[in-house]
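Raw contents of my_file-v5.txt, compact mmCIF, C-alpha atoms and all ligand atoms:
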# COMPACT_ATOMS: atom_id res chain seq x y z
CA MET A 255 -5.59 -41.27 -34.58
CA LYS A 256 -8.28 -38.69 -34.14
CA ASN A 257 -7.80 -36.41 -31.15
CA ILE A 258 -4.70 -34.25 -31.31
CA SER A 259 -3.30 -32.14 -28.48
CA VAL A 260 -0.75 -29.46 -29.32
CA ILE A 261 1.37 -27.97 -26.53
CA GLY A 262 2.56 -24.42 -27.20
CA SER A 263 0.63 -21.86 -29.23
CA GLY A 264 3.53 -19.88 -30.74
CA THR A 265 4.38 -19.79 -34.45
CA MET A 266 4.98 -23.54 -34.77
CA GLY A 267 2.23 -24.66 -32.37
CA ASN A 268 -0.48 -22.56 -33.98
CA GLY A 269 0.64 -23.71 -37.45
CA ILE A 270 0.48 -27.36 -36.36
CA ALA A 271 -2.98 -26.87 -34.78
CA HIS A 272 -4.12 -25.13 -37.99
CA VAL A 273 -3.07 -28.04 -40.22
CA PHE A 274 -4.59 -30.78 -38.03
CA ALA A 275 -7.89 -28.88 -37.65
CA GLN A 276 -7.99 -28.21 -41.40
CA HIS A 277 -7.70 -31.97 -41.98
CA GLY A 278 -10.63 -32.87 -39.74
CA HIS A 279 -8.99 -33.55 -36.36
CA PRO A 280 -10.39 -32.19 -33.10
CA VAL A 281 -7.46 -30.21 -31.66
CA SER A 282 -6.78 -29.25 -28.04
CA LEU A 283 -4.37 -26.30 -28.11
CA ILE A 284 -2.57 -25.87 -24.79
CA ASP A 285 -0.56 -22.94 -23.44
CA ILE A 286 0.06 -21.43 -20.02
CA SER A 287 -1.58 -18.10 -20.90
CA GLN A 288 -5.10 -17.56 -22.24
CA ASP A 289 -3.84 -14.37 -23.96
CA ALA A 290 -1.33 -16.42 -25.96
CA LEU A 291 -4.09 -18.86 -26.92
CA ASP A 292 -6.38 -16.02 -28.03
CA ARG A 293 -3.56 -14.53 -30.14
CA ALA A 294 -2.95 -17.97 -31.67
CA LEU A 295 -6.62 -18.32 -32.68
CA THR A 296 -6.49 -14.87 -34.32
CA THR A 297 -3.32 -15.88 -36.23
CA ILE A 298 -4.85 -19.18 -37.35
CA SER A 299 -7.98 -17.36 -38.52
CA LYS A 300 -5.87 -14.84 -40.52
CA ASN A 301 -3.75 -17.61 -42.07
CA MET A 302 -6.93 -19.50 -43.01
CA ASP A 303 -8.22 -16.29 -44.62
CA ARG A 304 -5.16 -16.36 -46.91
CA GLN A 305 -6.13 -19.92 -47.87
CA VAL A 306 -9.73 -18.85 -48.49
CA GLY A 307 -8.41 -15.98 -50.64
CA LYS A 308 -6.36 -18.46 -52.71
CA GLY A 309 -9.30 -20.90 -53.04
CA ILE A 310 -7.46 -23.61 -51.07
CA ILE A 311 -10.36 -23.85 -48.59
CA THR A 312 -13.87 -22.35 -48.52
CA GLU A 313 -15.15 -19.91 -45.90
CA ASP A 314 -17.32 -22.75 -44.60
CA GLU A 315 -14.32 -25.11 -44.26
CA LYS A 316 -12.45 -22.35 -42.47
CA ASN A 317 -15.25 -21.97 -39.91
CA GLN A 318 -15.54 -25.74 -39.43
CA SER A 319 -11.76 -26.00 -38.95
CA LEU A 320 -11.71 -23.20 -36.38
CA GLY A 321 -14.62 -24.89 -34.61
CA ARG A 322 -12.48 -28.01 -34.12
CA ILE A 323 -9.92 -26.14 -31.99
CA SER A 324 -10.45 -25.95 -28.22
CA THR A 325 -8.02 -24.09 -25.96
CA PHE A 326 -6.70 -25.15 -22.56
CA THR A 327 -4.43 -23.56 -19.97
CA SER A 328 -4.27 -26.86 -18.05
CA LEU A 329 -2.03 -29.50 -19.60
CA GLU A 330 -3.78 -32.20 -17.57
CA ASP A 331 -7.19 -31.34 -19.07
CA GLY A 332 -5.81 -30.71 -22.55
CA VAL A 333 -4.14 -34.11 -23.06
CA LYS A 334 -6.53 -36.42 -21.22
CA SER A 335 -8.32 -37.74 -24.35
CA ALA A 336 -5.42 -37.38 -26.82
CA ASP A 337 -4.45 -40.04 -29.34
CA LEU A 338 -1.39 -37.95 -30.24
CA VAL A 339 0.24 -35.11 -28.31
CA VAL A 340 2.56 -32.83 -30.32
CA GLU A 341 4.82 -30.72 -28.12
CA ALA A 342 5.83 -27.40 -29.73
CA ALA A 343 6.98 -25.43 -26.68
CA THR A 344 10.14 -23.35 -26.28
CA GLU A 345 13.33 -25.00 -27.57
CA ASN A 346 14.75 -25.62 -24.10
CA MET A 347 15.82 -29.05 -22.87
CA ASN A 348 14.59 -28.73 -19.27
CA ILE A 349 11.21 -27.33 -20.33
CA LYS A 350 10.76 -30.20 -22.79
CA LEU A 351 11.81 -32.90 -20.31
CA ASP A 352 9.39 -31.51 -17.75
CA LEU A 353 6.56 -31.37 -20.30
CA PHE A 354 7.18 -34.95 -21.42
CA ARG A 355 7.01 -36.20 -17.82
CA LYS A 356 3.60 -34.49 -17.53
CA MET A 357 2.39 -35.65 -20.97
CA ASP A 358 3.32 -39.21 -19.95
CA GLU A 359 1.49 -38.89 -16.65
CA PHE A 360 -1.75 -37.33 -17.92
CA SER A 361 -2.35 -38.65 -21.46
CA PRO A 362 -3.88 -42.09 -22.18
CA THR A 363 -1.23 -44.85 -22.07
CA SER A 364 -1.96 -45.65 -25.73
CA ALA A 365 -1.19 -42.08 -26.89
CA ILE A 366 1.84 -41.31 -29.05
CA LEU A 367 3.97 -38.43 -27.73
CA ALA A 368 5.68 -36.34 -30.43
CA THR A 369 7.98 -33.36 -30.25
CA ASN A 370 8.47 -30.65 -32.86
CA THR A 371 12.00 -30.02 -31.56
CA SER A 372 14.44 -28.76 -34.18
CA SER A 373 17.49 -30.36 -32.57
CA ILE A 374 17.02 -31.75 -29.05
CA SER A 375 17.59 -35.53 -28.80
CA ILE A 376 14.38 -37.57 -29.16
CA THR A 377 16.12 -40.45 -27.35
CA LYS A 378 16.83 -38.24 -24.34
CA ILE A 379 13.26 -36.90 -24.26
CA ALA A 380 11.82 -40.43 -24.60
CA ALA A 381 13.95 -41.68 -21.70
CA VAL A 382 12.04 -39.55 -19.16
CA THR A 383 8.75 -41.30 -20.08
CA LYS A 384 7.45 -44.79 -19.35
CA ARG A 385 6.67 -45.27 -23.05
CA PRO A 386 9.90 -44.56 -25.00
CA SER A 387 8.75 -46.75 -27.91
CA GLN A 388 5.81 -44.31 -28.38
CA VAL A 389 7.93 -41.15 -28.46
CA ILE A 390 8.92 -39.69 -31.83
CA GLY A 391 10.04 -36.44 -33.50
CA MET A 392 7.55 -34.71 -35.79
CA HIS A 393 9.50 -31.72 -37.11
CA PHE A 394 7.31 -29.34 -39.09
CA MET A 395 8.79 -26.40 -41.02
CA ASN A 396 7.77 -22.75 -40.75
CA PRO A 397 5.29 -21.62 -42.12
CA VAL A 398 3.59 -24.92 -41.25
CA PRO A 399 0.50 -24.52 -43.47
CA VAL A 400 2.76 -23.90 -46.50
CA MET A 401 5.84 -26.11 -46.10
CA LYS A 402 5.41 -29.69 -47.33
CA LEU A 403 8.09 -31.40 -45.24
CA VAL A 404 7.64 -33.24 -41.96
CA GLU A 405 10.94 -34.66 -40.72
CA VAL A 406 9.90 -37.79 -38.79
CA ILE A 407 12.65 -38.63 -36.32
CA ARG A 408 13.03 -42.07 -34.77
CA GLY A 409 14.57 -42.11 -31.32
CA TYR A 410 16.70 -45.07 -30.28
CA SER A 411 13.61 -46.86 -28.86
CA THR A 412 10.85 -45.65 -31.22
CA SER A 413 8.91 -48.65 -32.55
CA ASP A 414 8.31 -49.45 -36.22
CA GLU A 415 4.53 -49.32 -35.64
CA VAL A 416 4.64 -45.81 -34.19
CA THR A 417 6.90 -44.63 -37.03
CA VAL A 418 4.51 -46.00 -39.66
CA GLU A 419 1.53 -44.40 -37.90
CA ILE A 420 3.18 -40.98 -37.86
CA MET A 421 4.37 -41.26 -41.47
CA THR A 422 0.82 -42.15 -42.57
CA LEU A 423 -0.76 -39.41 -40.46
CA SER A 424 1.64 -36.83 -41.94
CA GLN A 425 0.70 -37.94 -45.47
CA ASN A 426 -2.97 -37.55 -44.55
CA LEU A 427 -2.21 -33.93 -43.63
CA GLY A 428 -1.03 -33.38 -47.21
CA LYS A 429 2.62 -33.37 -46.12
CA GLU A 430 5.65 -35.25 -47.44
CA PRO A 431 7.14 -37.05 -44.41
CA VAL A 432 10.78 -38.15 -44.46
CA GLU A 433 12.06 -40.70 -41.93
CA VAL A 434 15.42 -39.96 -40.31
CA ASN A 435 17.39 -41.19 -37.30
CA ASP A 436 18.08 -39.31 -34.09
CA TYR A 437 21.53 -37.70 -34.35
CA PRO A 438 22.38 -34.04 -33.68
CA GLY A 439 20.45 -31.68 -35.98
CA PHE A 440 18.72 -34.69 -37.61
CA VAL A 441 18.98 -33.96 -41.38
CA ALA A 442 17.31 -30.57 -41.90
CA ASN A 443 19.35 -28.56 -39.43
CA ARG A 444 22.57 -30.54 -39.84
CA ILE A 445 22.66 -29.19 -43.39
CA LEU A 446 20.81 -25.86 -43.04
CA MET A 447 22.62 -24.44 -39.99
CA PRO A 448 26.20 -24.83 -41.29
CA MET A 449 25.03 -22.98 -44.43
CA ILE A 450 23.54 -20.15 -42.37
CA ASN A 451 26.64 -20.06 -40.12
CA GLU A 452 28.90 -19.87 -43.20
CA ALA A 453 26.81 -16.98 -44.57
CA ILE A 454 27.31 -15.15 -41.23
CA TYR A 455 31.08 -15.85 -41.37
CA THR A 456 31.11 -14.50 -44.95
CA LEU A 457 29.58 -11.27 -43.65
CA PHE A 458 31.79 -11.22 -40.53
CA GLU A 459 34.96 -11.55 -42.61
CA GLY A 460 33.85 -8.72 -44.92
CA VAL A 461 33.65 -10.84 -48.05
CA ALA A 462 30.26 -9.30 -48.95
CA GLY A 463 27.34 -7.38 -47.43
CA VAL A 464 24.00 -8.74 -46.24
CA SER A 465 22.00 -8.14 -49.39
CA GLU A 466 24.87 -9.33 -51.61
CA ILE A 467 25.11 -12.64 -49.74
CA ASP A 468 21.36 -13.15 -49.81
CA THR A 469 21.08 -12.18 -53.46
CA VAL A 470 23.78 -14.69 -54.45
CA MET A 471 21.87 -17.51 -52.77
CA LYS A 472 18.41 -16.38 -53.93
CA LEU A 473 19.25 -15.79 -57.58
CA GLY A 474 22.14 -18.25 -57.87
CA MET A 475 20.65 -21.20 -56.02
CA ALA A 476 16.90 -20.48 -56.30
CA HIS A 477 16.43 -20.28 -52.53
CA PRO A 478 13.17 -18.41 -51.68
CA MET A 479 15.01 -16.45 -48.98
CA GLY A 480 18.73 -15.77 -48.65
CA PRO A 481 20.45 -17.44 -45.66
CA LEU A 482 20.66 -14.23 -43.59
CA GLN A 483 16.98 -13.39 -44.12
CA LEU A 484 16.12 -17.02 -43.34
CA ALA A 485 18.18 -16.83 -40.12
CA ASP A 486 16.14 -13.75 -39.10
CA PHE A 487 12.92 -15.63 -39.97
CA ILE A 488 13.89 -18.69 -37.90
CA GLY A 489 15.23 -16.56 -35.02
CA LEU A 490 18.93 -15.91 -34.42
CA ASP A 491 18.65 -17.35 -30.90
CA VAL A 492 17.18 -20.57 -32.34
CA CYS A 493 20.00 -20.76 -34.94
CA LEU A 494 22.58 -20.27 -32.19
CA SER A 495 21.10 -22.94 -29.96
CA ILE A 496 20.94 -25.47 -32.83
CA LEU A 497 24.58 -24.75 -33.75
CA LYS A 498 25.54 -25.35 -30.12
CA VAL A 499 23.75 -28.73 -30.20
CA LEU A 500 25.69 -29.66 -33.38
CA HIS A 501 28.98 -28.41 -31.91
CA ASP A 502 28.49 -30.24 -28.60
CA GLY A 503 27.03 -33.37 -30.20
CA PHE A 504 29.77 -33.94 -32.79
CA GLY A 505 32.66 -32.16 -31.06
CA ASN A 506 33.71 -30.85 -34.47
CA PRO A 507 34.94 -27.21 -34.72
CA LYS A 508 33.25 -26.84 -38.11
CA TYR A 509 29.97 -26.29 -36.24
CA ALA A 510 31.31 -23.52 -33.95
CA PRO A 511 28.85 -20.58 -34.10
CA CYS A 512 30.21 -17.42 -35.72
CA PRO A 513 31.11 -14.80 -33.04
CA LEU A 514 28.93 -12.25 -34.86
CA LEU A 515 25.88 -14.49 -34.35
CA VAL A 516 26.74 -14.88 -30.66
CA ASN A 517 27.10 -11.10 -30.25
CA MET A 518 23.83 -10.33 -32.02
CA VAL A 519 21.89 -12.76 -29.83
CA GLU A 520 23.52 -11.43 -26.68
CA ALA A 521 22.62 -7.87 -27.75
CA GLY A 522 18.97 -8.91 -28.21
CA PHE A 523 18.93 -8.74 -32.05
CA LYS A 524 17.12 -12.01 -32.71
CA GLY A 525 15.57 -11.35 -36.11
CA VAL A 526 11.91 -10.93 -37.08
CA LYS A 527 10.59 -11.59 -33.56
CA THR A 528 12.52 -8.67 -32.02
CA GLY A 529 12.13 -6.38 -35.05
CA GLU A 530 15.83 -6.50 -36.00
CA GLY A 531 18.48 -9.01 -36.97
CA PHE A 532 20.42 -8.75 -40.22
CA TYR A 533 17.46 -6.69 -41.49
CA GLN A 534 14.88 -4.52 -39.74
CA TYR A 535 11.18 -5.40 -39.58
CA THR A 536 7.87 -4.02 -38.41
CA LYS A 537 7.15 -6.03 -35.29
CA GLY A 538 5.03 -9.12 -36.00
CA SER A 539 5.72 -9.15 -39.75
CA LYS A 540 8.41 -10.94 -41.72
CA ASP A 541 8.44 -8.15 -44.34
CA ILE A 542 11.71 -6.23 -44.42
CA VAL A 543 11.22 -2.48 -43.88
CA VAL A 544 14.77 -1.22 -43.72
CA ALA A 545 17.84 -2.04 -45.76
CA PRO A 546 20.48 -4.25 -44.15
CA ARG A 547 22.13 -3.09 -40.98
CA PHE A 548 25.55 -4.26 -42.12
CA ILE A 549 26.68 -2.76 -45.37
CA LYS A 550 29.69 -4.05 -47.23
N1 LIG B 1 -0.39 -19.72 -43.48
C1 LIG B 1 -0.99 -19.92 -44.66
N2 LIG B 1 -0.47 -19.51 -45.83
C2 LIG B 1 0.68 -18.82 -45.80
C3 LIG B 1 1.37 -18.56 -44.60
C4 LIG B 1 0.79 -19.05 -43.41
N3 LIG B 1 1.37 -18.88 -42.23
N4 LIG B 1 2.52 -17.89 -44.89
C5 LIG B 1 2.55 -17.74 -46.21
N5 LIG B 1 1.46 -18.30 -46.76
C6 LIG B 1 1.15 -18.42 -48.19
C7 LIG B 1 0.78 -17.10 -48.84
O1 LIG B 1 -0.62 -16.88 -48.79
C8 LIG B 1 1.25 -17.31 -50.27
O2 LIG B 1 0.33 -18.10 -51.01
P1 LIG B 1 0.38 -18.19 -52.64
O3 LIG B 1 1.72 -18.76 -53.02
O4 LIG B 1 -0.74 -19.11 -52.97
O5 LIG B 1 0.23 -16.77 -53.10
C9 LIG B 1 2.50 -18.15 -50.11
O6 LIG B 1 2.38 -18.80 -48.84
C10 LIG B 1 3.73 -17.31 -50.14
O7 LIG B 1 3.69 -16.35 -49.07
P2 LIG B 1 3.93 -14.77 -49.23
O8 LIG B 1 3.27 -14.28 -50.47
O9 LIG B 1 3.57 -14.15 -47.92
O10 LIG B 1 5.47 -14.54 -49.30
P3 LIG B 1 6.62 -15.26 -50.05
O11 LIG B 1 6.29 -15.58 -51.47
O12 LIG B 1 7.77 -14.40 -49.73
O13 LIG B 1 6.78 -16.66 -49.29
C11 LIG B 1 7.64 -18.05 -47.59
C12 LIG B 1 6.96 -16.73 -47.92
C13 LIG B 1 6.68 -19.21 -47.89
C14 LIG B 1 7.93 -17.98 -46.11
C15 LIG B 1 8.93 -18.19 -48.49
O14 LIG B 1 9.73 -17.03 -48.38
C16 LIG B 1 9.78 -19.37 -48.09
O15 LIG B 1 9.50 -20.49 -48.51
N6 LIG B 1 10.82 -19.12 -47.29
C17 LIG B 1 11.70 -20.16 -46.77
C18 LIG B 1 10.99 -20.85 -45.64
C19 LIG B 1 11.84 -21.90 -45.02
O16 LIG B 1 12.94 -22.22 -45.43
N7 LIG B 1 11.27 -22.50 -43.96
C20 LIG B 1 11.99 -23.48 -43.18
C21 LIG B 1 12.67 -22.78 -42.05
S1 LIG B 1 13.53 -23.92 -41.04
C22 LIG B 1 12.37 -24.49 -39.98
O17 LIG B 1 11.22 -24.11 -39.99
C23 LIG B 1 12.77 -25.53 -39.05
C24 LIG B 1 13.90 -25.36 -38.14
O18 LIG B 1 14.14 -26.31 -37.41
C25 LIG B 1 14.74 -24.16 -38.01
Show me, as structure tokens, the structure contained in the file I just sent.
Amino acid sequence: MKNISVIGSGTMGNGIAHVFAQHGHPVSLIDISQDALDRALTTISKNMDRQVGKGIITEDEKNQSLGRISTFTSLEDGVKSADLVVEAATENMNIKLDLFRKMDEFSPTSAILATNTSSISITKIAAVTKRPSQVIGMHFMNPVPVMKLVEVIRGYSTSDEVTVEIMTLSQNLGKEPVEVNDYPGFVANRILMPMINEAIYTLFEGVAGVSEIDTVMKLGMAHPMGPLQLADFIGLDVCLSILKVLHDGFGNPKYAPCPLLVNMVEAGFKGVKTGEGFYQYTKGSKDIVVAPRFIK
């Protein structure tokens, strides 16, 4: 598999394009707005500069990698010579189903269609295409150039051959792929989101404050970020929507989102991307600038 098309140029999409280009693949990066694509190229260039600074790649390799990325505002043009299309658009079922119908229509019939969804059913997405055996989940973690895991999710109809191809491709990107089956939340979010939700309940019930909860998990469990900071980093709206998928999918009240999380999302406090969640941020940076909003 050589030619990769990536749909969506946000945080995940630009990270995925970065990693494929860095590993020698021509990448077609697709988004509806040229401004978004230009911003994505600037972000990729800055993130590659960090790698140059650390000696992970040379300046020359950076320039070659950037040269492998072409941008498209037309999905039809962007996927027409793809061997693999990775969809990393907004986490919304109808948007994804619509994109997969178009990816199926315009990409070569041999192409594998992957989604970076964090919780939407691969089986359901595959069912709107004429090639369900070639549809698979390829769930990268944020920040994509740094995190080693790719959760490779087999839908009900995904073939063994396609699974092996995606596992091998992920290894060739320097990642550690893990194969899992398609049930709500897969593995990563089935375990991560209840932990984050419990941390929010712990705050909601007044057991401890934001920094206390995060400090316990950082220093006590060696997590690089506490669960509340991580929730801000992921996006509180994304956390809420994944919890709803778990709650609906299993029908078990243990997945019910904490009312504080629901309120924060409704009030527009979505974490790093809006400048405030459990902590406050300078817009566009994950670095905390103000102490927690909720004090014990
Ligand atoms: N591109 C390239 N390099 C990057 C980068 C990027 N986007 N972001 C960070 N880095 C590099 C930095 O250059 C730095 O390199 P060195 O270690 O060689 O110095 C390293 O990564 C650490 O970054 P920082 O110094 O900026 O900051 P940090 O030490 O606080 O680490 C972090 C930042 C890697 C994000 C770390 O806090 C962390 O691992 N956090 C948890 C991340 C996590 O859990 N991600 C999964 C979220 S869940 C998800 O993505 C899926 C889902 O479905 C919800």
Select all residues near (9.5, -42.9, -35.9) (cut-off 10 Å, inclusive, file coordinates), counting all atoms listed in the file, and output them as a PyMOL selection string. chain A and resi 368+376+387-392+405-421+432-436
Using all atoms listed in the file, find each residue with an atom at most 7 Å away from ligand LIG 1 (chain B) and format the answer as a list of chain:residue names.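 If we count all atoms listed in the file, the neighbours of ligand LIG 1 (chain B) turn out to be A:Gly269, A:Asn301, A:Met302, A:Arg304, A:Gln305, A:Lys308, A:Ser372, A:Phe394, A:Met395, A:Asn396, A:Pro397, A:Val398, A:Pro399, A:Val400, A:Met401, A:Ala442, A:Asn443, A:Pro478, A:Met479, A:Leu484, A:Ile488, A:Cys493.
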Show which residues sit within 12 Å of Ala453 in chain A, as a PyMOL selection string. Count all atoms listed in the file, and ignore same-chain residues fewer than 4 positions away. chain A and resi 446-449+457-471+480-485+511-512+514-515+532
What is the CA of Lys334 in chain A-CA of His279 in chain A distance in Å, reported with one decimal?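 The value is 15.6 Å.
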Atomic separation - CA of Phe487 in chain A relative to CA of Gly525 in chain A, Å: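 CA of Gly525 in chain A sits 6.3 Å away from CA of Phe487 in chain A.
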Ser364 in chain A environment, 10 Å, only C-alpha atoms, sequence neighbours closer than 3 positions dropped, as a CSV table (one decimal) with C-alpha atoms, in the coordinates of the input:
chain,number,residue,atom,x,y,z
A,336,ALA,CA,-5.4,-37.4,-26.8
A,337,ASP,CA,-4.4,-40.0,-29.3
A,338,LEU,CA,-1.4,-38.0,-30.2
A,361,SER,CA,-2.4,-38.6,-21.5
A,367,LEU,CA,4.0,-38.4,-27.7
A,385,ARG,CA,6.7,-45.3,-23.0
A,388,GLN,CA,5.8,-44.3,-28.4
Under the rule that all atoms listed in the file are counted, which of A:Val404, A:Ser263, A:Ser373, A:Ser495 is the nearest residue to Phe440 in chain A? A:Ser373
As an exercise, work out the distance from CA of Pro362 in chain A to CA of Val260 in chain A in Å and give it to one decimal place. 14.8 Å
Applying 10 Å and all atoms listed in the file, which residues near Gly538 in chain A remain after dropping the ones on its own chain fewer than 3 positions away? List them as a list in words.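 Those residues are Val526, Lys527, Thr528, Gly529, Tyr535 and Asp541 of chain A.
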Pick out the residues sitting within 9 Å of range 281-290 of chain A, and hand them over as a PyMOL selection string; count only C-alpha atoms, and ignore anything fewer than 6 positions along from it in its own chain. chain A and resi 256-264+267-268+271-272+274-275+322-329+332-333+336+343
Resulting file, chosen residues, C-alpha atoms, as a CSV table (one decimal), in the frame of the given file:
chain,number,residue,atom,x,y,z
A,256,LYS,CA,-8.3,-38.7,-34.1
A,257,ASN,CA,-7.8,-36.4,-31.2
A,258,ILE,CA,-4.7,-34.2,-31.3
A,259,SER,CA,-3.3,-32.1,-28.5
A,260,VAL,CA,-0.8,-29.5,-29.3
A,261,ILE,CA,1.4,-28.0,-26.5
A,262,GLY,CA,2.6,-24.4,-27.2
A,263,SER,CA,0.6,-21.9,-29.2
A,264,GLY,CA,3.5,-19.9,-30.7
A,267,GLY,CA,2.2,-24.7,-32.4
A,268,ASN,CA,-0.5,-22.6,-34.0
A,271,ALA,CA,-3.0,-26.9,-34.8
A,272,HIS,CA,-4.1,-25.1,-38.0
A,274,PHE,CA,-4.6,-30.8,-38.0
A,275,ALA,CA,-7.9,-28.9,-37.6
A,322,ARG,CA,-12.5,-28.0,-34.1
A,323,ILE,CA,-9.9,-26.1,-32.0
A,324,SER,CA,-10.4,-26.0,-28.2
A,325,THR,CA,-8.0,-24.1,-26.0
A,326,PHE,CA,-6.7,-25.2,-22.6
A,327,THR,CA,-4.4,-23.6,-20.0
A,328,SER,CA,-4.3,-26.9,-18.0
A,329,LEU,CA,-2.0,-29.5,-19.6
A,332,GLY,CA,-5.8,-30.7,-22.6
A,333,VAL,CA,-4.1,-34.1,-23.1
A,336,ALA,CA,-5.4,-37.4,-26.8
A,343,ALA,CA,7.0,-25.4,-26.7
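The nearest approach to Pro386 in chain A among the residues A:Asp292, A:Asp502, A:Asp358, A:Glu430, with all atoms listed in the file taken into account, belongs to A:Asp358.
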From the set A:Glu330, A:Asp491, A:Glu313, A:Glu341, which residue has the shortest atom-to-atom contact distance to Ile270 in chain A, counting all atoms listed in the file? A:Glu341
Between A:Asn517, A:Ser539, A:Ser375, A:Asn426, which residue has the minimum interatomic distance to Gln276 in chain A, considering all atoms listed in the file?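 Among the listed residues, A:Asn426 lies closest to Gln276 in chain A.
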Out of A:Leu490, A:Lys537, A:Gly505, A:Leu320, which residue has the shortest atom-to-atom distance to Ala521 in chain A when counting all atoms listed in the file?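 Under the stated criterion, the closest residue is A:Leu490.
Using all atoms listed in the file, the protein and nucleic acid residues lying no more than 12 Å from Asn506 in chain A, apart from those fewer than 5 places from it along its own chain, are Pro438, Pro448, Leu497, Lys498, Val499, Leu500, His501 and Pro511 of chain A.
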